[in-house]
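J.: Please find data_36.json (JSON, N, CA and C atoms) on the next line:
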[["chain", "number", "residue", "atom", "x", "y", "z"],
["A", 19, "ARG", "N", 99.57, 118.45, -120.59],
["A", 19, "ARG", "CA", 98.39, 119.26, -120.88],
["A", 19, "ARG", "C", 97.29, 118.93, -119.88],
["A", 20, "ILE", "N", 96.81, 119.97, -119.21],
["A", 20, "ILE", "CA", 95.71, 119.81, -118.26],
["A", 20, "ILE", "C", 94.39, 120.19, -118.94],
["A", 21, "THR", "N", 94.35, 121.36, -119.54],
["A", 21, "THR", "CA", 93.21, 121.82, -120.34],
["A", 21, "THR", "C", 93.78, 122.49, -121.59],
["A", 22, "ASP", "N", 92.91, 123.06, -122.41],
["A", 22, "ASP", "CA", 93.39, 123.79, -123.59],
["A", 22, "ASP", "C", 94.19, 125.03, -123.20],
["A", 23, "GLN", "N", 93.98, 125.54, -121.99],
["A", 23, "GLN", "CA", 94.66, 126.76, -121.54],
["A", 23, "GLN", "C", 95.71, 126.52, -120.47],
["A", 24, "ILE", "N", 95.74, 125.34, -119.86],
["A", 24, "ILE", "CA", 96.60, 125.08, -118.71],
["A", 24, "ILE", "C", 97.47, 123.86, -118.96],
["A", 25, "GLY", "N", 98.74, 123.98, -118.64],
["A", 25, "GLY", "CA", 99.66, 122.86, -118.74],
["A", 25, "GLY", "C", 100.64, 122.89, -117.59],
["A", 26, "ILE", "N", 101.33, 121.80, -117.39],
["A", 26, "ILE", "CA", 102.36, 121.70, -116.36],
["A", 26, "ILE", "C", 103.64, 121.26, -117.03],
["A", 27, "THR", "N", 104.74, 121.88, -116.65],
["A", 27, "THR", "CA", 106.02, 121.50, -117.21],
["A", 27, "THR", "C", 107.12, 121.67, -116.17],
["A", 28, "THR", "N", 108.19, 120.94, -116.37],
["A", 28, "THR", "CA", 109.39, 121.14, -115.57],
["A", 28, "THR", "C", 110.50, 121.70, -116.44],
["A", 29, "SER", "N", 110.15, 122.16, -117.64],
["A", 29, "SER", "CA", 111.12, 122.63, -118.62],
["A", 29, "SER", "C", 111.73, 123.97, -118.22],
["A", 30, "ARG", "N", 113.04, 123.98, -118.11],
["A", 30, "ARG", "CA", 113.74, 125.23, -117.83],
["A", 30, "ARG", "C", 113.63, 126.18, -119.02],
["A", 31, "ASP", "N", 113.47, 125.63, -120.22],
["A", 31, "ASP", "CA", 113.35, 126.46, -121.43],
["A", 31, "ASP", "C", 112.14, 127.39, -121.34],
["A", 32, "ILE", "N", 111.05, 126.90, -120.78],
["A", 32, "ILE", "CA", 109.84, 127.73, -120.63],
["A", 32, "ILE", "C", 110.12, 128.91, -119.71],
["A", 33, "LEU", "N", 110.78, 128.65, -118.59],
["A", 33, "LEU", "CA", 111.13, 129.74, -117.68],
["A", 33, "LEU", "C", 112.06, 130.74, -118.34],
["A", 34, "GLN", "N", 113.06, 130.25, -119.06],
["A", 34, "GLN", "CA", 114.02, 131.15, -119.71],
["A", 34, "GLN", "C", 113.33, 131.98, -120.78],
["A", 35, "ALA", "N", 112.49, 131.37, -121.59],
["A", 35, "ALA", "CA", 111.78, 132.11, -122.64],
["A", 35, "ALA", "C", 110.88, 133.17, -122.03],
["A", 36, "THR", "N", 110.22, 132.85, -120.94],
["A", 36, "THR", "CA", 109.35, 133.81, -120.27],
["A", 36, "THR", "C", 110.18, 134.96, -119.71],
["A", 37, "ALA", "N", 111.31, 134.65, -119.09],
["A", 37, "ALA", "CA", 112.20, 135.69, -118.57],
["A", 37, "ALA", "C", 112.71, 136.58, -119.70],
["A", 38, "ASP", "N", 112.89, 136.02, -120.89],
["A", 38, "ASP", "CA", 113.37, 136.78, -122.04],
["A", 38, "ASP", "C", 112.25, 137.51, -122.77],
["A", 39, "GLY", "N", 111.03, 137.43, -122.26],
["A", 39, "GLY", "CA", 109.90, 138.10, -122.90],
["A", 39, "GLY", "C", 109.34, 137.35, -124.09],
["A", 40, "GLN", "N", 109.73, 136.09, -124.28],
["A", 40, "GLN", "CA", 109.28, 135.30, -125.42],
["A", 40, "GLN", "C", 108.34, 134.17, -125.01],
["A", 41, "GLY", "N", 108.07, 134.05, -123.72],
["A", 41, "GLY", "CA", 107.34, 132.88, -123.23],
["A", 41, "GLY", "C", 105.88, 133.14, -122.99],
["A", 42, "LEU", "N", 105.42, 132.57, -121.94],
["A", 42, "LEU", "CA", 104.01, 132.57, -121.60],
["A", 42, "LEU", "C", 103.54, 133.93, -121.07],
["A", 43, "THR", "N", 102.26, 134.19, -121.30],
["A", 43, "THR", "CA", 101.65, 135.40, -120.75],
["A", 43, "THR", "C", 101.30, 135.19, -119.28],
["A", 44, "HIS", "N", 100.82, 134.01, -118.97],
["A", 44, "HIS", "CA", 100.43, 133.68, -117.60],
["A", 44, "HIS", "C", 101.30, 132.52, -117.13],
["A", 45, "LEU", "N", 101.89, 132.68, -115.97],
["A", 45, "LEU", "CA", 102.82, 131.68, -115.45],
["A", 45, "LEU", "C", 102.69, 131.62, -113.94],
["A", 46, "LEU", "N", 102.61, 130.43, -113.42],
["A", 46, "LEU", "CA", 102.59, 130.21, -111.98],
["A", 46, "LEU", "C", 103.73, 129.25, -111.68],
["A", 47, "VAL", "N", 104.70, 129.71, -110.93],
["A", 47, "VAL", "CA", 105.86, 128.88, -110.58],
["A", 47, "VAL", "C", 105.63, 128.31, -109.19],
["A", 48, "ALA", "N", 105.76, 127.01, -109.08],
["A", 48, "ALA", "CA", 105.59, 126.34, -107.79],
["A", 48, "ALA", "C", 106.84, 125.52, -107.52],
["A", 49, "LEU", "N", 107.42, 125.74, -106.36],
["A", 49, "LEU", "CA", 108.59, 124.99, -105.95],
["A", 49, "LEU", "C", 108.24, 124.19, -104.71],
["A", 50, "GLY", "N", 108.74, 123.00, -104.64],
["A", 50, "GLY", "CA", 108.48, 122.18, -103.46],
["A", 50, "GLY", "C", 108.64, 120.71, -103.78],
["A", 51, "TYR", "N", 108.31, 119.94, -102.81],
["A", 51, "TYR", "CA", 108.44, 118.50, -102.95],
["A", 51, "TYR", "C", 107.35, 117.82, -102.14],
["A", 52, "ALA", "N", 106.75, 116.83, -102.70],
["A", 52, "ALA", "CA", 105.81, 115.98, -101.98],
["A", 52, "ALA", "C", 106.12, 114.55, -102.40],
["A", 53, "GLY", "N", 106.22, 113.68, -101.44],
["A", 53, "GLY", "CA", 106.53, 112.29, -101.76],
["A", 53, "GLY", "C", 105.50, 111.36, -101.17],
["A", 54, "TRP", "N", 105.15, 110.37, -101.92],
["A", 54, "TRP", "CA", 104.20, 109.36, -101.48],
["A", 54, "TRP", "C", 104.83, 107.99, -101.66],
["A", 55, "GLY", "N", 104.42, 107.08, -100.82],
["A", 55, "GLY", "CA", 104.83, 105.70, -101.00],
["A", 55, "GLY", "C", 104.03, 105.09, -102.14],
["A", 56, "PRO", "N", 104.41, 103.89, -102.60],
["A", 56, "PRO", "CA", 103.70, 103.24, -103.70],
["A", 56, "PRO", "C", 102.20, 103.10, -103.39],
["A", 57, "GLY", "N", 101.38, 103.62, -104.28],
["A", 57, "GLY", "CA", 99.93, 103.51, -104.14],
["A", 57, "GLY", "C", 99.30, 104.46, -103.14],
["A", 58, "GLN", "N", 100.10, 105.23, -102.40],
["A", 58, "GLN", "CA", 99.55, 106.10, -101.36],
["A", 58, "GLN", "C", 98.64, 107.18, -101.92],
["A", 59, "LEU", "N", 99.09, 107.90, -102.94],
["A", 59, "LEU", "CA", 98.26, 108.96, -103.51],
["A", 59, "LEU", "C", 96.96, 108.40, -104.07],
["A", 60, "GLU", "N", 97.04, 107.31, -104.80],
["A", 60, "GLU", "CA", 95.84, 106.70, -105.36],
["A", 60, "GLU", "C", 94.86, 106.31, -104.26],
["A", 61, "ARG", "N", 95.37, 105.74, -103.16],
["A", 61, "ARG", "CA", 94.52, 105.35, -102.04],
["A", 61, "ARG", "C", 93.87, 106.59, -101.40],
["A", 62, "GLU", "N", 94.65, 107.65, -101.23],
["A", 62, "GLU", "CA", 94.10, 108.87, -100.64],
["A", 62, "GLU", "C", 93.01, 109.48, -101.53],
["A", 63, "LEU", "N", 93.18, 109.41, -102.84],
["A", 63, "LEU", "CA", 92.15, 109.91, -103.75],
["A", 63, "LEU", "C", 90.88, 109.06, -103.65],
["A", 64, "VAL", "N", 91.04, 107.74, -103.59],
["A", 64, "VAL", "CA", 89.89, 106.84, -103.45],
["A", 64, "VAL", "C", 89.17, 107.09, -102.12],
["A", 65, "GLU", "N", 89.94, 107.38, -101.08],
["A", 65, "GLU", "CA", 89.37, 107.64, -99.75],
["A", 65, "GLU", "C", 88.78, 109.05, -99.63],
["A", 66, "ASN", "N", 88.86, 109.82, -100.70],
["A", 66, "ASN", "CA", 88.35, 111.19, -100.73],
["A", 66, "ASN", "C", 89.05, 112.06, -99.68],
["A", 67, "ALA", "N", 90.34, 111.82, -99.49],
["A", 67, "ALA", "CA", 91.12, 112.58, -98.52],
["A", 67, "ALA", "C", 91.53, 113.95, -99.08],
["A", 68, "TRP", "N", 91.39, 114.14, -100.38],
["A", 68, "TRP", "CA", 91.75, 115.39, -101.03],
["A", 68, "TRP", "C", 90.50, 116.07, -101.56],
["A", 69, "LEU", "N", 90.45, 117.38, -101.45],
["A", 69, "LEU", "CA", 89.42, 118.13, -102.14],
["A", 69, "LEU", "C", 89.99, 118.46, -103.51],
["A", 70, "SER", "N", 89.33, 118.03, -104.55],
["A", 70, "SER", "CA", 89.83, 118.32, -105.90],
["A", 70, "SER", "C", 88.70, 118.87, -106.75],
["A", 71, "THR", "N", 89.07, 119.73, -107.66],
["A", 71, "THR", "CA", 88.12, 120.37, -108.56],
["A", 71, "THR", "C", 88.77, 120.48, -109.93],
["A", 72, "PRO", "N", 87.99, 120.58, -110.99],
["A", 72, "PRO", "CA", 88.60, 120.75, -112.31],
["A", 72, "PRO", "C", 89.49, 121.99, -112.34],
["A", 73, "ALA", "N", 90.53, 121.94, -113.18],
["A", 73, "ALA", "CA", 91.42, 123.09, -113.34],
["A", 73, "ALA", "C", 90.62, 124.29, -113.83],
["A", 74, "ASP", "N", 90.91, 125.45, -113.27],
["A", 74, "ASP", "CA", 90.17, 126.66, -113.60],
["A", 74, "ASP", "C", 91.16, 127.79, -113.87],
["A", 75, "PHE", "N", 91.22, 128.26, -115.10],
["A", 75, "PHE", "CA", 92.17, 129.29, -115.50],
["A", 75, "PHE", "C", 92.03, 130.55, -114.65],
["A", 76, "ASP", "N", 90.80, 131.03, -114.49],
["A", 76, "ASP", "CA", 90.59, 132.26, -113.72],
["A", 76, "ASP", "C", 91.03, 132.10, -112.28],
["A", 77, "LEU", "N", 90.76, 130.96, -111.70],
["A", 77, "LEU", "CA", 91.18, 130.71, -110.31],
["A", 77, "LEU", "C", 92.70, 130.76, -110.20],
["A", 78, "LEU", "N", 93.39, 130.12, -111.12],
["A", 78, "LEU", "CA", 94.85, 130.06, -111.05],
["A", 78, "LEU", "C", 95.54, 131.37, -111.39],
["A", 79, "PHE", "N", 95.03, 132.09, -112.38],
["A", 79, "PHE", "CA", 95.78, 133.22, -112.90],
["A", 79, "PHE", "C", 95.13, 134.58, -112.69],
["A", 80, "ARG", "N", 93.89, 134.62, -112.27],
["A", 80, "ARG", "CA", 93.24, 135.91, -112.07],
["A", 80, "ARG", "C", 92.77, 136.13, -110.63],
["A", 81, "THR", "N", 92.78, 135.09, -109.84],
["A", 81, "THR", "CA", 92.39, 135.20, -108.43],
["A", 81, "THR", "C", 93.64, 135.43, -107.60],
["A", 82, "PRO", "N", 93.64, 136.46, -106.75],
["A", 82, "PRO", "CA", 94.82, 136.70, -105.90],
["A", 82, "PRO", "C", 95.15, 135.45, -105.07],
["A", 83, "SER", "N", 96.44, 135.19, -104.92],
["A", 83, "SER", "CA", 96.88, 133.95, -104.27],
["A", 83, "SER", "C", 96.26, 133.75, -102.90],
["A", 84, "GLU", "N", 96.08, 134.82, -102.14],
["A", 84, "GLU", "CA", 95.53, 134.68, -100.79],
["A", 84, "GLU", "C", 94.04, 134.32, -100.80],
["A", 85, "GLN", "N", 93.40, 134.40, -101.95],
["A", 85, "GLN", "CA", 91.97, 134.07, -102.06],
["A", 85, "GLN", "C", 91.73, 132.72, -102.75],
["A", 86, "ARG", "N", 92.76, 132.11, -103.30],
["A", 86, "ARG", "CA", 92.57, 130.88, -104.10],
["A", 86, "ARG", "C", 92.00, 129.72, -103.31],
["A", 87, "TRP", "N", 92.46, 129.52, -102.08],
["A", 87, "TRP", "CA", 91.99, 128.40, -101.26],
["A", 87, "TRP", "C", 90.48, 128.50, -101.06],
["A", 88, "LEU", "N", 89.99, 129.67, -100.67],
["A", 88, "LEU", "CA", 88.55, 129.85, -100.47],
["A", 88, "LEU", "C", 87.79, 129.73, -101.79],
["A", 89, "ALA", "N", 88.36, 130.29, -102.86],
["A", 89, "ALA", "CA", 87.69, 130.25, -104.16],
["A", 89, "ALA", "C", 87.63, 128.82, -104.70],
["A", 90, "ALA", "N", 88.69, 128.05, -104.51],
["A", 90, "ALA", "CA", 88.68, 126.66, -104.97],
["A", 90, "ALA", "C", 87.64, 125.84, -104.22],
["A", 91, "ALA", "N", 87.56, 126.02, -102.91],
["A", 91, "ALA", "CA", 86.54, 125.31, -102.13],
["A", 91, "ALA", "C", 85.14, 125.74, -102.55],
["A", 92, "ALA", "N", 84.97, 127.03, -102.86],
["A", 92, "ALA", "CA", 83.66, 127.53, -103.28],
["A", 92, "ALA", "C", 83.20, 126.87, -104.57],
["A", 93, "LEU", "N", 84.15, 126.51, -105.46],
["A", 93, "LEU", "CA", 83.78, 125.79, -106.68],
["A", 93, "LEU", "C", 83.11, 124.45, -106.37],
["A", 94, "LEU", "N", 83.40, 123.91, -105.20],
["A", 94, "LEU", "CA", 82.80, 122.65, -104.75],
["A", 94, "LEU", "C", 81.57, 122.88, -103.88],
["A", 95, "GLY", "N", 81.19, 124.15, -103.70],
["A", 95, "GLY", "CA", 80.04, 124.47, -102.86],
["A", 95, "GLY", "C", 80.38, 124.49, -101.38],
["A", 96, "ILE", "N", 81.65, 124.64, -101.05],
["A", 96, "ILE", "CA", 82.09, 124.63, -99.65],
["A", 96, "ILE", "C", 82.53, 126.02, -99.24],
["A", 97, "ASP", "N", 81.99, 126.51, -98.14],
["A", 97, "ASP", "CA", 82.41, 127.79, -97.56],
["A", 97, "ASP", "C", 83.32, 127.47, -96.38],
["A", 98, "LEU", "N", 84.62, 127.60, -96.59],
["A", 98, "LEU", "CA", 85.59, 127.25, -95.55],
["A", 98, "LEU", "C", 85.46, 128.13, -94.32],
["A", 99, "ASN", "N", 84.84, 129.29, -94.45],
["A", 99, "ASN", "CA", 84.62, 130.15, -93.28],
["A", 99, "ASN", "C", 83.63, 129.54, -92.30],
["A", 100, "LEU", "N", 82.87, 128.56, -92.75],
["A", 100, "LEU", "CA", 81.89, 127.92, -91.87],
["A", 100, "LEU", "C", 82.45, 126.72, -91.14],
["A", 101, "LEU", "N", 83.68, 126.32, -91.45],
["A", 101, "LEU", "CA", 84.29, 125.18, -90.78],
["A", 101, "LEU", "C", 84.91, 125.64, -89.47],
["A", 102, "SER", "N", 84.86, 124.77, -88.50],
["A", 102, "SER", "CA", 85.43, 125.06, -87.19],
["A", 102, "SER", "C", 86.72, 124.29, -87.00],
["A", 103, "ALA", "N", 87.66, 124.91, -86.34],
["A", 103, "ALA", "CA", 88.92, 124.23, -86.00],
["A", 103, "ALA", "C", 88.78, 123.42, -84.72],
["A", 104, "ASP", "N", 87.65, 123.56, -84.04],
["A", 104, "ASP", "CA", 87.41, 122.83, -82.79],
["A", 104, "ASP", "C", 86.86, 121.45, -83.06],
["A", 105, "ALA", "N", 87.23, 120.51, -82.25],
["A", 105, "ALA", "CA", 86.70, 119.15, -82.34],
["A", 105, "ALA", "C", 85.85, 118.87, -81.10],
["A", 106, "GLY", "N", 84.92, 118.00, -81.23],
["A", 106, "GLY", "CA", 84.07, 117.67, -80.10],
["A", 106, "GLY", "C", 83.51, 116.28, -80.25],
["A", 107, "HIS", "N", 82.75, 115.90, -79.28],
["A", 107, "HIS", "CA", 82.11, 114.57, -79.28],
["A", 107, "HIS", "C", 80.63, 114.77, -79.05],
["A", 108, "ALA", "N", 79.83, 114.05, -79.79],
["A", 108, "ALA", "CA", 78.38, 114.15, -79.63],
["A", 108, "ALA", "C", 77.87, 112.87, -79.02]]
Can you dump the structure from the file as structure tokens?

T.:
Amino acid sequence: RITDQIGITTSRDILQATADGQGLTHLLVALGYAGWGPGQLERELVENAWLSTPADFDLLFRTPSEQRWLAAAALLGIDLNLLSADAGHA
């Protein structure tokens, strides 16, 4: 359970029930793999290497996927359109 409206599961039963019309109304399926060494993720979080924001139902299920990255950053007050891909030295 993430919030009252959002949860994460690896249960195949949830997918099957949804496919059968008996499951969830809103579903986001994510496939992939990410691996960290012992303590790596915790260290990265402490180092603020990740941008994180509270779970947001509207962002996940009502915002088009191509807009989610910008919308998630905006929740933190960040406009990613203002960031430059160029590096320099001052």

J.: With 8 Å as the cut-off and all atoms listed in the file counted, what is the closest atom pair between each nearby residue of segment 52-75 of chain A and segment 87-101 of chain A? Distances in Å to one decimal, ordered by chain and number, as a Markdown table.

T.:
| residue | atom | partner | partner_atom | distance |
| --- | --- | --- | --- | --- |
| A:Leu69 | CA | A:Ala91 | CA | 7.7 |
| A:Ser70 | C | A:Leu94 | CA | 7.3 |
| A:Thr71 | CA | A:Leu94 | N | 6.8 |
| A:Pro72 | N | A:Leu93 | C | 7.8 |

J.: Please provide the set of residues having any atom within 12 Å of segment 37-52 of chain A, restricted to only C-alpha atoms, with same-chain residues fewer than 2 positions apart removed, written as a JSON list (two decimals) with N, CA and C atoms, in the frame of the given file.

T.:
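What landed in selection_13.json:
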[["chain", "number", "residue", "atom", "x", "y", "z"],
["A", 23, "GLN", "N", 93.98, 125.54, -121.99],
["A", 23, "GLN", "CA", 94.66, 126.76, -121.54],
["A", 23, "GLN", "C", 95.71, 126.52, -120.47],
["A", 24, "ILE", "N", 95.74, 125.34, -119.86],
["A", 24, "ILE", "CA", 96.60, 125.08, -118.71],
["A", 24, "ILE", "C", 97.47, 123.86, -118.96],
["A", 25, "GLY", "N", 98.74, 123.98, -118.64],
["A", 25, "GLY", "CA", 99.66, 122.86, -118.74],
["A", 25, "GLY", "C", 100.64, 122.89, -117.59],
["A", 26, "ILE", "N", 101.33, 121.80, -117.39],
["A", 26, "ILE", "CA", 102.36, 121.70, -116.36],
["A", 26, "ILE", "C", 103.64, 121.26, -117.03],
["A", 27, "THR", "N", 104.74, 121.88, -116.65],
["A", 27, "THR", "CA", 106.02, 121.50, -117.21],
["A", 27, "THR", "C", 107.12, 121.67, -116.17],
["A", 28, "THR", "N", 108.19, 120.94, -116.37],
["A", 28, "THR", "CA", 109.39, 121.14, -115.57],
["A", 28, "THR", "C", 110.50, 121.70, -116.44],
["A", 29, "SER", "N", 110.15, 122.16, -117.64],
["A", 29, "SER", "CA", 111.12, 122.63, -118.62],
["A", 29, "SER", "C", 111.73, 123.97, -118.22],
["A", 30, "ARG", "N", 113.04, 123.98, -118.11],
["A", 30, "ARG", "CA", 113.74, 125.23, -117.83],
["A", 30, "ARG", "C", 113.63, 126.18, -119.02],
["A", 31, "ASP", "N", 113.47, 125.63, -120.22],
["A", 31, "ASP", "CA", 113.35, 126.46, -121.43],
["A", 31, "ASP", "C", 112.14, 127.39, -121.34],
["A", 32, "ILE", "N", 111.05, 126.90, -120.78],
["A", 32, "ILE", "CA", 109.84, 127.73, -120.63],
["A", 32, "ILE", "C", 110.12, 128.91, -119.71],
["A", 33, "LEU", "N", 110.78, 128.65, -118.59],
["A", 33, "LEU", "CA", 111.13, 129.74, -117.68],
["A", 33, "LEU", "C", 112.06, 130.74, -118.34],
["A", 34, "GLN", "N", 113.06, 130.25, -119.06],
["A", 34, "GLN", "CA", 114.02, 131.15, -119.71],
["A", 34, "GLN", "C", 113.33, 131.98, -120.78],
["A", 35, "ALA", "N", 112.49, 131.37, -121.59],
["A", 35, "ALA", "CA", 111.78, 132.11, -122.64],
["A", 35, "ALA", "C", 110.88, 133.17, -122.03],
["A", 54, "TRP", "N", 105.15, 110.37, -101.92],
["A", 54, "TRP", "CA", 104.20, 109.36, -101.48],
["A", 54, "TRP", "C", 104.83, 107.99, -101.66],
["A", 55, "GLY", "N", 104.42, 107.08, -100.82],
["A", 55, "GLY", "CA", 104.83, 105.70, -101.00],
["A", 55, "GLY", "C", 104.03, 105.09, -102.14],
["A", 58, "GLN", "N", 100.10, 105.23, -102.40],
["A", 58, "GLN", "CA", 99.55, 106.10, -101.36],
["A", 58, "GLN", "C", 98.64, 107.18, -101.92],
["A", 59, "LEU", "N", 99.09, 107.90, -102.94],
["A", 59, "LEU", "CA", 98.26, 108.96, -103.51],
["A", 59, "LEU", "C", 96.96, 108.40, -104.07],
["A", 75, "PHE", "N", 91.22, 128.26, -115.10],
["A", 75, "PHE", "CA", 92.17, 129.29, -115.50],
["A", 75, "PHE", "C", 92.03, 130.55, -114.65],
["A", 76, "ASP", "N", 90.80, 131.03, -114.49],
["A", 76, "ASP", "CA", 90.59, 132.26, -113.72],
["A", 76, "ASP", "C", 91.03, 132.10, -112.28],
["A", 77, "LEU", "N", 90.76, 130.96, -111.70],
["A", 77, "LEU", "CA", 91.18, 130.71, -110.31],
["A", 77, "LEU", "C", 92.70, 130.76, -110.20],
["A", 78, "LEU", "N", 93.39, 130.12, -111.12],
["A", 78, "LEU", "CA", 94.85, 130.06, -111.05],
["A", 78, "LEU", "C", 95.54, 131.37, -111.39],
["A", 79, "PHE", "N", 95.03, 132.09, -112.38],
["A", 79, "PHE", "CA", 95.78, 133.22, -112.90],
["A", 79, "PHE", "C", 95.13, 134.58, -112.69],
["A", 80, "ARG", "N", 93.89, 134.62, -112.27],
["A", 80, "ARG", "CA", 93.24, 135.91, -112.07],
["A", 80, "ARG", "C", 92.77, 136.13, -110.63],
["A", 81, "THR", "N", 92.78, 135.09, -109.84],
["A", 81, "THR", "CA", 92.39, 135.20, -108.43],
["A", 81, "THR", "C", 93.64, 135.43, -107.60],
["A", 82, "PRO", "N", 93.64, 136.46, -106.75],
["A", 82, "PRO", "CA", 94.82, 136.70, -105.90],
["A", 82, "PRO", "C", 95.15, 135.45, -105.07],
["A", 83, "SER", "N", 96.44, 135.19, -104.92],
["A", 83, "SER", "CA", 96.88, 133.95, -104.27],
["A", 83, "SER", "C", 96.26, 133.75, -102.90]]

J.: How far is it from atom CA of Ala73 of chain A to atom N of Arg19 of chain A, in Å with one decimal?

T.: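 Rounded to one decimal, the two atoms are 11.9 Å apart.
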
J.: Name the residues of chain A that fall into helix (DSSP H, G or I) according to DSSP on the backbone, using the chain letters and numbers of this document, as a ChimeraX atom specification.

T.: /A:30-37,58-64,75-79,83-93,98-100

J.: Work out how far atom N of Thr21 of chain A is from atom CA of Pro56 of chain A, in Å to one decimal.

T.: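 We find that atom CA of Pro56 of chain A and atom N of Thr21 of chain A lie 25.8 Å from each other.
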
J.: So how far away is atom CA of Glu84 of chain A from atom CA of Val64 of chain A, in Å?

T.: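 So the answer is 28.5 Å.
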